[in-house]
file input_24.pdb (PDB, C-alpha atoms, pLDDT in the B column)
ATOM      1  CA  MET A 895    -160.877 113.200-106.056  1.00 73.00           C
ATOM      2  CA  ASN A 896    -157.928 115.553-106.506  1.00 88.00           C
ATOM      3  CA  MET A 897    -155.481 116.037-103.620  1.00 91.00           C
ATOM      4  CA  THR A 898    -153.466 118.960-102.347  1.00 93.00           C
ATOM      5  CA  HIS A 899    -149.700 118.576-102.249  1.00 94.00           C
ATOM      6  CA  TYR A 900    -150.019 118.398 -98.445  1.00 93.00           C
ATOM      7  CA  MET A 901    -152.260 115.347 -98.623  1.00 94.00           C
ATOM      8  CA  GLU A 902    -150.251 113.854-101.469  1.00 92.00           C
ATOM      9  CA  LEU A 903    -147.103 114.082 -99.338  1.00 93.00           C
ATOM     10  CA  LEU A 904    -148.785 112.141 -96.534  1.00 92.00           C
ATOM     11  CA  ALA A 905    -150.344 109.602 -98.901  1.00 92.00           C
ATOM     12  CA  VAL A 906    -147.214 108.507-100.797  1.00 92.00           C
ATOM     13  CA  ASN A 907    -144.465 106.247 -99.451  1.00 90.00           C
ATOM     14  CA  GLN A 908    -146.760 104.721 -96.847  1.00 89.00           C
ATOM     15  CA  PRO A 909    -146.373 104.511 -93.918  1.00 93.00           C
ATOM     16  CA  TRP A 910    -143.104 106.417 -93.680  1.00 95.00           C
ATOM     17  CA  ASN A 911    -144.239 109.836 -94.890  1.00 94.00           C
ATOM     18  CA  LEU A 912    -147.229 109.701 -92.558  1.00 95.00           C
ATOM     19  CA  ILE A 913    -144.934 108.864 -89.650  1.00 96.00           C
ATOM     20  CA  ILE A 914    -142.270 111.450 -90.522  1.00 95.00           C
ATOM     21  CA  PHE A 915    -144.493 114.414 -91.391  1.00 94.00           C
ATOM     22  CA  MET A 916    -147.503 113.771 -89.148  1.00 94.00           C
ATOM     23  CA  ALA A 917    -147.096 111.181 -86.392  1.00 95.00           C
ATOM     24  CA  ILE A 918    -143.711 112.181 -84.924  1.00 96.00           C
ATOM     25  CA  PRO A 919    -144.228 115.988 -84.868  1.00 93.00           C
ATOM     26  CA  VAL A 920    -147.796 115.662 -83.582  1.00 93.00           C
ATOM     27  CA  ILE A 921    -146.789 113.239 -80.798  1.00 95.00           C
ATOM     28  CA  LEU A 922    -143.966 115.552 -79.693  1.00 94.00           C
ATOM     29  CA  ALA A 923    -146.202 118.646 -79.864  1.00 92.00           C
ATOM     30  CA  GLU A 924    -149.019 116.942 -77.954  1.00 92.00           C
ATOM     31  CA  THR A 925    -146.539 115.782 -75.300  1.00 95.00           C
ATOM     32  CA  LEU A 926    -145.343 119.376 -75.027  1.00 93.00           C
ATOM     33  CA  ALA A 927    -148.911 120.682 -74.725  1.00 92.00           C
ATOM     34  CA  ILE A 928    -149.978 118.167 -72.061  1.00 93.00           C
ATOM     35  CA  THR A 929    -146.904 118.671 -69.906  1.00 93.00           C
ATOM     36  CA  GLU A 930    -147.320 122.425 -70.367  1.00 89.00           C
ATOM     37  CA  LEU A 931    -150.768 122.291 -68.771  1.00 90.00           C
ATOM     38  CA  TYR A 932    -149.421 120.196 -65.894  1.00 92.00           C
ATOM     39  CA  LEU A 933    -146.658 122.700 -65.177  1.00 90.00           C
ATOM     40  CA  LEU A 934    -149.034 125.663 -65.368  1.00 86.00           C
ATOM     41  CA  PHE A 935    -151.311 124.133 -62.746  1.00 89.00           C
ATOM     42  CA  THR A 936    -148.728 122.585 -60.408  1.00 88.00           C
ATOM     43  CA  ARG A 937    -145.758 124.997 -60.793  1.00 85.00           C
ATOM     44  CA  LYS A 938    -143.429 122.038 -60.229  1.00 87.00           C
ATOM     45  CA  PHE A 939    -140.274 122.817 -62.161  1.00 85.00           C
ATOM     46  CA  ASP A 940    -138.026 120.066 -60.858  1.00 86.00           C
ATOM     47  CA  GLY A 941    -139.718 116.745 -61.614  1.00 88.00           C
ATOM     48  CA  ALA A 942    -139.863 114.236 -64.459  1.00 93.00           C
ATOM     49  CA  VAL A 943    -142.719 116.093 -66.171  1.00 94.00           C
ATOM     50  CA  TYR A 944    -140.657 119.278 -66.306  1.00 92.00           C
ATOM     51  CA  TYR A 945    -137.722 117.501 -67.959  1.00 94.00           C
ATOM     52  CA  LEU A 946    -140.065 115.699 -70.355  1.00 95.00           C
ATOM     53  CA  ASN A 947    -141.509 119.093 -71.256  1.00 94.00           C
ATOM     54  CA  ARG A 948    -138.031 120.484 -71.949  1.00 93.00           C
ATOM     55  CA  PHE A 949    -137.049 117.432 -74.000  1.00 96.00           C
ATOM     56  CA  ALA A 950    -140.228 117.572 -76.073  1.00 95.00           C
ATOM     57  CA  GLY A 951    -139.798 121.317 -76.658  1.00 95.00           C
ATOM     58  CA  ILE A 952    -136.210 120.997 -77.851  1.00 96.00           C
ATOM     59  CA  ALA A 953    -136.823 117.830 -79.885  1.00 97.00           C
ATOM     60  CA  VAL A 954    -139.906 119.065 -81.744  1.00 96.00           C
ATOM     61  CA  GLY A 955    -138.275 122.413 -82.536  1.00 96.00           C
ATOM     62  CA  ILE A 956    -135.140 120.847 -83.988  1.00 97.00           C
ATOM     63  CA  TYR A 957    -137.263 118.269 -85.813  1.00 97.00           C
ATOM     64  CA  PHE A 958    -139.332 120.980 -87.474  1.00 97.00           C
ATOM     65  CA  ILE A 959    -136.185 122.735 -88.693  1.00 97.00           C
ATOM     66  CA  GLY A 960    -135.489 119.624 -90.767  1.00 96.00           C
ATOM     67  CA  ILE A 961    -139.089 119.314 -91.952  1.00 96.00           C
ATOM     68  CA  ILE A 962    -139.337 122.966 -92.984  1.00 97.00           C
ATOM     69  CA  TYR A 963    -136.029 122.797 -94.849  1.00 97.00           C
ATOM     70  CA  TYR A 964    -137.174 119.683 -96.710  1.00 96.00           C
ATOM     71  CA  ILE A 965    -140.565 121.119 -97.667  1.00 96.00           C
ATOM     72  CA  VAL A 966    -139.160 124.471 -98.797  1.00 97.00           C
ATOM     73  CA  ALA A 967    -136.408 122.863-100.864  1.00 97.00           C
ATOM     74  CA  ASN A 968    -138.399 119.968-102.326  1.00 94.00           C
ATOM     75  CA  ALA A 969    -141.936 121.336-102.532  1.00 94.00           C
ATOM     76  CA  ILE A 970    -142.436 125.076-102.198  1.00 96.00           C
ATOM     77  CA  ILE A 971    -139.566 126.239-104.445  1.00 97.00           C
ATOM     78  CA  PRO A 972    -140.014 123.714-107.304  1.00 96.00           C
ATOM     79  CA  ILE A 973    -143.822 123.933-107.264  1.00 96.00           C
ATOM     80  CA  THR A 974    -143.693 127.732-107.344  1.00 96.00           C
ATOM     81  CA  LYS A 975    -141.165 127.760-110.195  1.00 96.00           C
ATOM     82  CA  ALA A 976    -143.269 125.326-112.210  1.00 95.00           C
ATOM     83  CA  GLY A 977    -146.519 127.155-111.419  1.00 93.00           C
ATOM     84  CA  GLU A 978    -148.148 123.918-110.247  1.00 93.00           C
ATOM     85  CA  TRP A 979    -150.025 125.089-107.162  1.00 96.00           C
ATOM     86  CA  ARG A 980    -153.471 123.490-107.036  1.00 94.00           C
ATOM     87  CA  THR A 981    -155.434 126.660-106.254  1.00 94.00           C
ATOM     88  CA  ILE A 982    -155.225 128.757-103.076  1.00 96.00           C
ATOM     89  CA  ILE A 983    -156.351 125.737-101.027  1.00 95.00           C
ATOM     90  CA  ASP A 984    -153.082 124.011-101.856  1.00 95.00           C
ATOM     91  CA  VAL A 985    -151.047 127.111-100.970  1.00 96.00           C
ATOM     92  CA  ILE A 986    -152.805 127.525 -97.605  1.00 97.00           C
ATOM     93  CA  ALA A 987    -152.318 123.857 -96.696  1.00 96.00           C
ATOM     94  CA  VAL A 988    -148.572 123.797 -97.366  1.00 96.00           C
ATOM     95  CA  PHE A 989    -147.680 127.230 -96.013  1.00 97.00           C
ATOM     96  CA  THR A 990    -149.698 126.948 -92.793  1.00 97.00           C
ATOM     97  CA  TYR A 991    -148.019 123.607 -92.125  1.00 97.00           C
ATOM     98  CA  VAL A 992    -144.639 125.326 -92.418  1.00 97.00           C
ATOM     99  CA  ILE A 993    -145.790 128.300 -90.309  1.00 97.00           C
ATOM    100  CA  ALA A 994    -147.077 125.922 -87.613  1.00 96.00           C
ATOM    101  CA  GLY A 995    -143.531 124.722 -87.013  1.00 96.00           C
ATOM    102  CA  LEU A 996    -142.067 128.193 -86.369  1.00 97.00           C
ATOM    103  CA  PRO A 997    -143.481 128.628 -82.817  1.00 97.00           C
ATOM    104  CA  LEU A 998    -142.089 125.207 -81.903  1.00 96.00           C
ATOM    105  CA  ILE A 999    -138.669 126.236 -83.173  1.00 97.00           C
ATOM    106  CA  TRP A1000    -138.937 129.320 -80.948  1.00 97.00           C
ATOM    107  CA  ILE A1001    -139.627 127.057 -77.954  1.00 96.00           C
ATOM    108  CA  ALA A1002    -136.506 125.015 -78.759  1.00 96.00           C
ATOM    109  CA  LEU A1003    -134.400 128.181 -79.013  1.00 97.00           C
ATOM    110  CA  GLN A1004    -135.743 129.316 -75.644  1.00 96.00           C
ATOM    111  CA  GLU A1005    -134.993 125.990 -73.994  1.00 94.00           C
ATOM    112  CA  LEU A1006    -131.474 126.087 -75.396  1.00 95.00           C
ATOM    113  CA  GLY A1007    -130.995 129.516 -73.859  1.00 92.00           C
ATOM    114  CA  LEU A1008    -130.668 131.385 -77.149  1.00 96.00           C
ATOM    115  CA  VAL A1009    -133.719 133.665 -76.738  1.00 95.00           C
ATOM    116  CA  ASN A1010    -135.790 135.146 -73.879  1.00 94.00           C
ATOM    117  CA  LYS A1011    -132.868 134.932 -71.470  1.00 91.00           C
ATOM    118  CA  ALA A1012    -134.236 137.726 -69.247  1.00 92.00           C
ATOM    119  CA  LEU A1013    -137.562 135.982 -68.562  1.00 92.00           C
ATOM    120  CA  ASP A1014    -138.191 134.084 -65.356  1.00 90.00           C
ATOM    121  CA  GLN A1015    -139.568 130.544 -65.264  1.00 87.00           C
ATOM    122  CA  MET A1016    -143.216 131.617 -65.390  1.00 87.00           C
ATOM    123  CA  GLY A1017    -142.515 134.077 -68.206  1.00 90.00           C
ATOM    124  CA  LYS A1018    -140.901 131.351 -70.264  1.00 91.00           C
ATOM    125  CA  LEU A1019    -143.801 129.033 -69.509  1.00 88.00           C
ATOM    126  CA  LYS A1020    -146.250 131.630 -70.834  1.00 90.00           C
ATOM    127  CA  ILE A1021    -144.207 131.871 -74.048  1.00 93.00           C
ATOM    128  CA  HIS A1022    -144.429 128.088 -74.256  1.00 91.00           C
ATOM    129  CA  ALA A1023    -148.207 128.189 -73.934  1.00 90.00           C
ATOM    130  CA  ILE A1024    -148.589 130.899 -76.590  1.00 94.00           C
ATOM    131  CA  CYS A1025    -146.326 129.040 -79.003  1.00 95.00           C
ATOM    132  CA  VAL A1026    -148.165 125.749 -78.499  1.00 93.00           C
ATOM    133  CA  ALA A1027    -151.490 127.528 -79.111  1.00 93.00           C
ATOM    134  CA  LEU A1028    -150.140 129.028 -82.355  1.00 96.00           C
ATOM    135  CA  PHE A1029    -148.954 125.602 -83.465  1.00 95.00           C
ATOM    136  CA  LEU A1030    -152.373 124.087 -82.834  1.00 93.00           C
ATOM    137  CA  VAL A1031    -154.173 126.869 -84.735  1.00 96.00           C
ATOM    138  CA  PHE A1032    -151.949 126.791 -87.822  1.00 97.00           C
ATOM    139  CA  GLY A1033    -151.578 123.010 -87.699  1.00 94.00           C
ATOM    140  CA  HIS A1034    -155.334 122.491 -87.806  1.00 95.00           C
ATOM    141  CA  ILE A1035    -155.749 125.035 -90.610  1.00 97.00           C
ATOM    142  CA  ALA A1036    -153.144 123.084 -92.590  1.00 96.00           C
ATOM    143  CA  MET A1037    -154.931 119.817 -91.865  1.00 95.00           C
ATOM    144  CA  ILE A1038    -158.368 121.096 -92.879  1.00 96.00           C
ATOM    145  CA  ALA A1039    -157.124 122.802 -96.056  1.00 95.00           C
ATOM    146  CA  GLY A1040    -154.930 119.807 -96.866  1.00 94.00           C
ATOM    147  CA  MET A1041    -157.885 117.413 -96.798  1.00 95.00           C
ATOM    148  CA  ALA A1042    -160.015 119.647 -99.024  1.00 94.00           C
ATOM    149  CA  ASP A1043    -160.489 118.913-102.716  1.00 92.00           C
ATOM    150  CA  PRO A1044    -158.809 121.700-104.761  1.00 93.00           C
ATOM    151  CA  SER A1045    -161.231 121.061-107.631  1.00 91.00           C
ATOM    152  CA  ILE A1046    -163.915 122.994-105.699  1.00 92.00           C
ATOM    153  CA  LEU A1047    -162.013 126.124-106.751  1.00 87.00           C
ATOM    154  CA  GLY A1048    -161.591 124.976-110.340  1.00 86.00           C
ATOM    155  CA  TYR A1049    -158.463 122.817-110.273  1.00 88.00           C
ATOM    156  CA  LYS A1050    -158.463 120.071-112.906  1.00 85.00           C
ATOM    157  CA  GLY A1051    -156.113 117.242-112.089  1.00 75.00           C
ATOM    158  CA  ALA A1052    -154.251 114.901-114.405  1.00 63.00           C
ATOM    159  CA  THR A1053    -157.016 112.315-114.225  1.00 51.00           C
ATOM    160  CA  ALA A1054    -159.630 114.725-115.519  1.00 41.00           C
ATOM    161  CA  HIS A1055    -157.269 115.850-118.277  1.00 40.00           C
ATOM    162  CA  GLN A1056    -156.583 112.291-119.363  1.00 39.00           C
ATOM    163  CA  MET A1057    -160.278 111.455-119.383  1.00 35.00           C
ATOM    164  CA  SER A1058    -161.097 114.465-121.534  1.00 39.00           C
ATOM    165  CA  GLY A1059    -158.225 113.549-123.861  1.00 41.00           C
ATOM    166  CA  SER A1060    -159.540 110.013-124.329  1.00 40.00           C
ATOM    167  CA  ASN A1061    -162.906 111.389-125.511  1.00 43.00           C
ATOM    168  CA  ASP A1062    -161.533 113.874-128.031  1.00 42.00           C
ATOM    169  CA  TYR A1063    -163.268 112.075-130.863  1.00 37.00           C
ATOM    170  CA  GLU A1064    -166.585 113.190-129.428  1.00 40.00           C
ATOM    171  CA  HIS A1065    -165.605 116.831-129.808  1.00 42.00           C
ATOM    172  CA  CYS A1066    -164.206 116.768-133.368  1.00 41.00           C
ATOM    173  CA  ASP A1067    -165.322 119.169-136.089  1.00 47.00           C
ATOM    174  CA  PRO A1068    -168.983 118.335-137.032  1.00 47.00           C
ATOM    175  CA  ALA A1069    -168.320 118.986-140.755  1.00 49.00           C
ATOM    176  CA  MET A1070    -165.386 116.560-140.750  1.00 46.00           C
ATOM    177  CA  HIS A1071    -167.438 113.993-138.888  1.00 45.00           C
ATOM    178  CA  GLN A1072    -170.293 114.327-141.432  1.00 53.00           C
ATOM    179  CA  GLN A1073    -167.881 113.981-144.359  1.00 54.00           C
ATOM    180  CA  MET A1074    -166.383 110.824-142.871  1.00 49.00           C
ATOM    181  CA  MET A1075    -169.862 109.351-142.418  1.00 50.00           C
ATOM    182  CA  GLY A1076    -170.749 110.253-146.047  1.00 56.00           C
ATOM    183  CA  ASP A1077    -167.615 108.593-147.412  1.00 54.00           C
ATOM    184  CA  HIS A1078    -168.368 105.497-145.384  1.00 47.00           C
ATOM    185  CA  GLN A1079    -171.930 105.382-146.738  1.00 55.00           C
ATOM    186  CA  LYS A1080    -170.709 105.711-150.349  1.00 52.00           C
ATOM    187  CA  MET A1081    -168.317 102.841-149.840  1.00 51.00           C
ATOM    188  CA  MET A1082    -171.118 100.696-148.468  1.00 51.00           C
ATOM    189  CA  ASN A1083    -173.452 101.582-151.386  1.00 54.00           C
ATOM    190  CA  GLY A1084    -170.706 100.930-153.933  1.00 53.00           C
ATOM    191  CA  ASN A1085    -170.014  97.507-152.533  1.00 49.00           C
ATOM    192  CA  ALA A1086    -173.710  96.656-152.478  1.00 47.00           C
ATOM    193  CA  SER A1087    -174.346  97.632-156.179  1.00 48.00           C
ATOM    194  CA  SER A1088    -171.261  95.940-157.690  1.00 47.00           C
ATOM    195  CA  PRO A1089    -171.736  92.471-159.218  1.00 48.00           C
ATOM    196  CA  PRO A1090    -170.491  89.530-157.302  1.00 45.00           C
ATOM    197  CA  MET A1091    -166.995  88.363-158.055  1.00 42.00           C
ATOM    198  CA  PRO A1092    -166.774  85.096-160.031  1.00 45.00           C
ATOM    199  CA  MET A1093    -165.939  82.100-157.941  1.00 43.00           C
ATOM    200  CA  GLY A1094    -163.498  80.872-160.563  1.00 44.00           C
ATOM    201  CA  ASN A1095    -163.034  79.971-164.215  1.00 47.00           C
ATOM    202  CA  GLN A1096    -165.844  77.608-165.230  1.00 45.00           C
ATOM    203  CA  ASN A1097    -163.984  76.304-168.352  1.00 47.00           C
ATOM    204  CA  HIS A1098    -161.513  73.797-167.082  1.00 46.00           C
ATOM    205  CA  LYS A1099    -158.973  72.539-169.492  1.00 46.00           C
ATOM    206  CA  HIS A1100    -158.200  68.876-169.182  1.00 44.00           C
TER     207      HIS A1100
END
call {"tool": "encode", "arguments": {"input": "input_24.pdb", "output": "structure tokens"}}
result
Amino acid sequence: MNMTHYMELLAVNQPWNLIIFMAIPVILAETLAITELYLLFTRKFDGAVYYLNRFAGIAVGIYFIGIIYYIVANAIIPITKAGEWRTIIDVIAVFTYVIAGLPLIWIALQELGLVNKALDQMGKLKIHAICVALFLVFGHIAMIAGMADPSILGYKGATAHQMSGSNDYEHCDPAMHQQMMGDHQKMMNGNASSPPMPMGNQNHKH
């Protein structure tokens, strides 16, 4: 089965890539989402849950800045230059993963007081909720597309290419193949009709 670059990134360098690009951001985002629901229902903006929500929002936003920079510099730019995208499935998986991080960066900027300064606490909380929802939508699109096999849209991976290359003899020119078989047959017939070689000189001199 062929893999998208998204899935390949998670599969190599186990378990570190899986932890760095999936476990840590998902845990932070889920913590943000759960505490967000608690604050929306309770309106308690002075307890431990509120500060955990702020920490998760700032941490996941800053974390995604690093992830997006890494993916753009080490995946998107070189893959695009080399023309090595594995069909539109591969493009959707990588780009939606990057897009999913942008709303979380916006939450971090808001918590740091760099944007939405005029909003009250409830207004900022609504922005939080919208951004978390956008992250979940784009994150799941990236996950679904990333797990898909790009060969369903015609991509042929290196394995398929190598297999076809190893069987090239089966697809050679039929005329050449027939000529080779004829030459082989003549050699066999010639060997069969020639007299046997003498075992040695029968006249021994003493």
call {"tool": "axis_aligned_box", "arguments": {"input": "input_24.pdb", "around": "region 906-925 of chain A", "padding_each_side": "8 Å", "output": "AutoDock Vina command-line options"}}
result
--center_x -145.6 --center_y 111.6 --center_z -88.0 --size_x 22.7 --size_y 30.1 --size_z 41.5
call {"tool": "resolve_selection", "arguments": {"input": "input_24.pdb", "expression": "the PyMOL selection byres ((chain A and resi 897-905) around 9)", "output": "PyMOL selection string"}}
result
chain A and resi 895-896+906-916+969+979-981+983-985+987-988+991+1036-1037+1039-1045+1051
call {"tool": "residues_around", "arguments": {"input": "input_24.pdb", "residues": "Ile1021 (chain A)", "least_positions_apart": "2", "cutoff": "12 Å", "atoms": "all atoms listed in the file", "output": "list in words"}}
result
Glu930, Leu934, Gly951, Pro997, Leu998, Trp1000, Ile1001, Ala1002, Leu1003, Gln1004, Glu1005, Val1009, Asn1010, Leu1013, Asp1014, Gln1015, Met1016, Gly1017, Lys1018, Leu1019, Ala1023, Ile1024, Cys1025, Val1026, Ala1027 and Leu1028 of chain A
call {"tool": "closest_residue", "arguments": {"input": "input_24.pdb", "among": "A:Ile1046, A:Leu926, A:Ile1035, A:Ile986", "to": "Gly955 (chain A)", "atoms": "all atoms listed in the file"}}
result
A:Leu926
call {"tool": "atom_distance", "arguments": {"input": "input_24.pdb", "atom1": "CA of Leu996 (chain A)", "atom2": "CA of Ile1038 (chain A)"}}
result
18.9 Å
call {"tool": "atom_distance", "arguments": {"input": "input_24.pdb", "atom1": "CA of Gly960 (chain A)", "atom2": "CA of Ile918 (chain A)"}}
result
12.5 Å
call {"tool": "atom_distance", "arguments": {"input": "input_24.pdb", "atom1": "CA of Tyr945 (chain A)", "atom2": "CA of Ala923 (chain A)"}}
result
14.7 Å
call {"tool": "residues_around", "arguments": {"input": "input_24.pdb", "residues": "Ile962 (chain A)", "least_positions_apart": "5", "cutoff": "10 Å", "atoms": "all atoms listed in the file", "output": "VMD selection string"}}
result
chain A and resid 957 967 to 968 970 989 991 to 996
call {"tool": "decode", "arguments": {"input": "input_24.pdb", "residues": "region 913-976 of chain A", "atoms": "C-alpha atoms", "output": "compact mmCIF listing (two decimals), in the first residue's frame"}}
result
# COMPACT_ATOMS: atom_id res chain seq x y z
CA ILE A 913 4.56 11.96 19.45
CA ILE A 914 5.77 15.27 18.00
CA PHE A 915 3.32 15.67 15.12
CA MET A 916 0.25 13.88 16.50
CA ALA A 917 0.23 13.10 20.22
CA ILE A 918 1.41 16.43 21.69
CA PRO A 919 -0.69 18.79 19.51
CA VAL A 920 -3.79 16.59 19.81
CA ILE A 921 -3.47 16.33 23.62
CA LEU A 922 -3.08 20.11 23.93
CA ALA A 923 -5.97 20.78 21.53
CA GLU A 924 -8.25 18.29 23.28
CA THR A 925 -7.38 19.83 26.65
CA LEU A 926 -8.28 23.22 25.19
CA ALA A 927 -11.58 21.90 23.81
CA ILE A 928 -12.65 20.19 27.05
CA THR A 929 -11.83 23.15 29.26
CA GLU A 930 -13.56 25.39 26.72
CA LEU A 931 -16.82 23.50 27.20
CA TYR A 932 -16.46 23.72 30.98
CA LEU A 933 -15.99 27.48 30.86
CA LEU A 934 -18.91 27.97 28.48
CA PHE A 935 -21.26 26.15 30.84
CA THR A 936 -19.98 27.40 34.20
CA ARG A 937 -18.72 30.92 33.31
CA LYS A 938 -16.03 30.52 35.98
CA PHE A 939 -13.09 32.58 34.80
CA ASP A 940 -10.95 32.47 37.92
CA GLY A 941 -10.27 28.82 38.73
CA ALA A 942 -7.72 26.15 37.81
CA VAL A 943 -9.68 25.12 34.70
CA TYR A 944 -9.56 28.66 33.36
CA TYR A 945 -5.77 28.86 33.76
CA LEU A 946 -5.36 25.39 32.26
CA ASN A 947 -7.43 26.58 29.31
CA ARG A 948 -5.19 29.63 28.87
CA PHE A 949 -2.02 27.55 29.16
CA ALA A 950 -3.25 24.99 26.64
CA GLY A 951 -4.30 27.74 24.22
CA ILE A 952 -0.95 29.52 24.34
CA ALA A 953 1.12 26.31 24.32
CA VAL A 954 -0.65 24.65 21.38
CA GLY A 955 -0.55 27.85 19.32
CA ILE A 956 3.17 28.38 19.81
CA TYR A 957 3.78 24.66 19.25
CA PHE A 958 1.98 24.76 15.91
CA ILE A 959 4.10 27.70 14.77
CA GLY A 960 7.10 25.38 15.01
CA ILE A 961 5.30 22.48 13.33
CA ILE A 962 4.04 24.60 10.43
CA TYR A 963 7.48 26.11 9.87
CA TYR A 964 9.05 22.64 9.82
CA ILE A 965 6.50 21.18 7.42
CA VAL A 966 6.61 24.13 5.02
CA ALA A 967 10.41 24.21 4.96
CA ASN A 968 11.06 20.46 4.89
CA ALA A 969 8.03 19.06 3.08
CA ILE A 970 5.82 21.47 1.16
CA ILE A 971 8.56 23.52 -0.55
CA PRO A 972 10.90 20.65 -1.54
CA ILE A 973 8.05 18.33 -2.59
CA THR A 974 6.49 21.07 -4.71
CA LYS A 975 9.81 21.93 -6.36
CA ALA A 976 10.48 18.28 -7.15
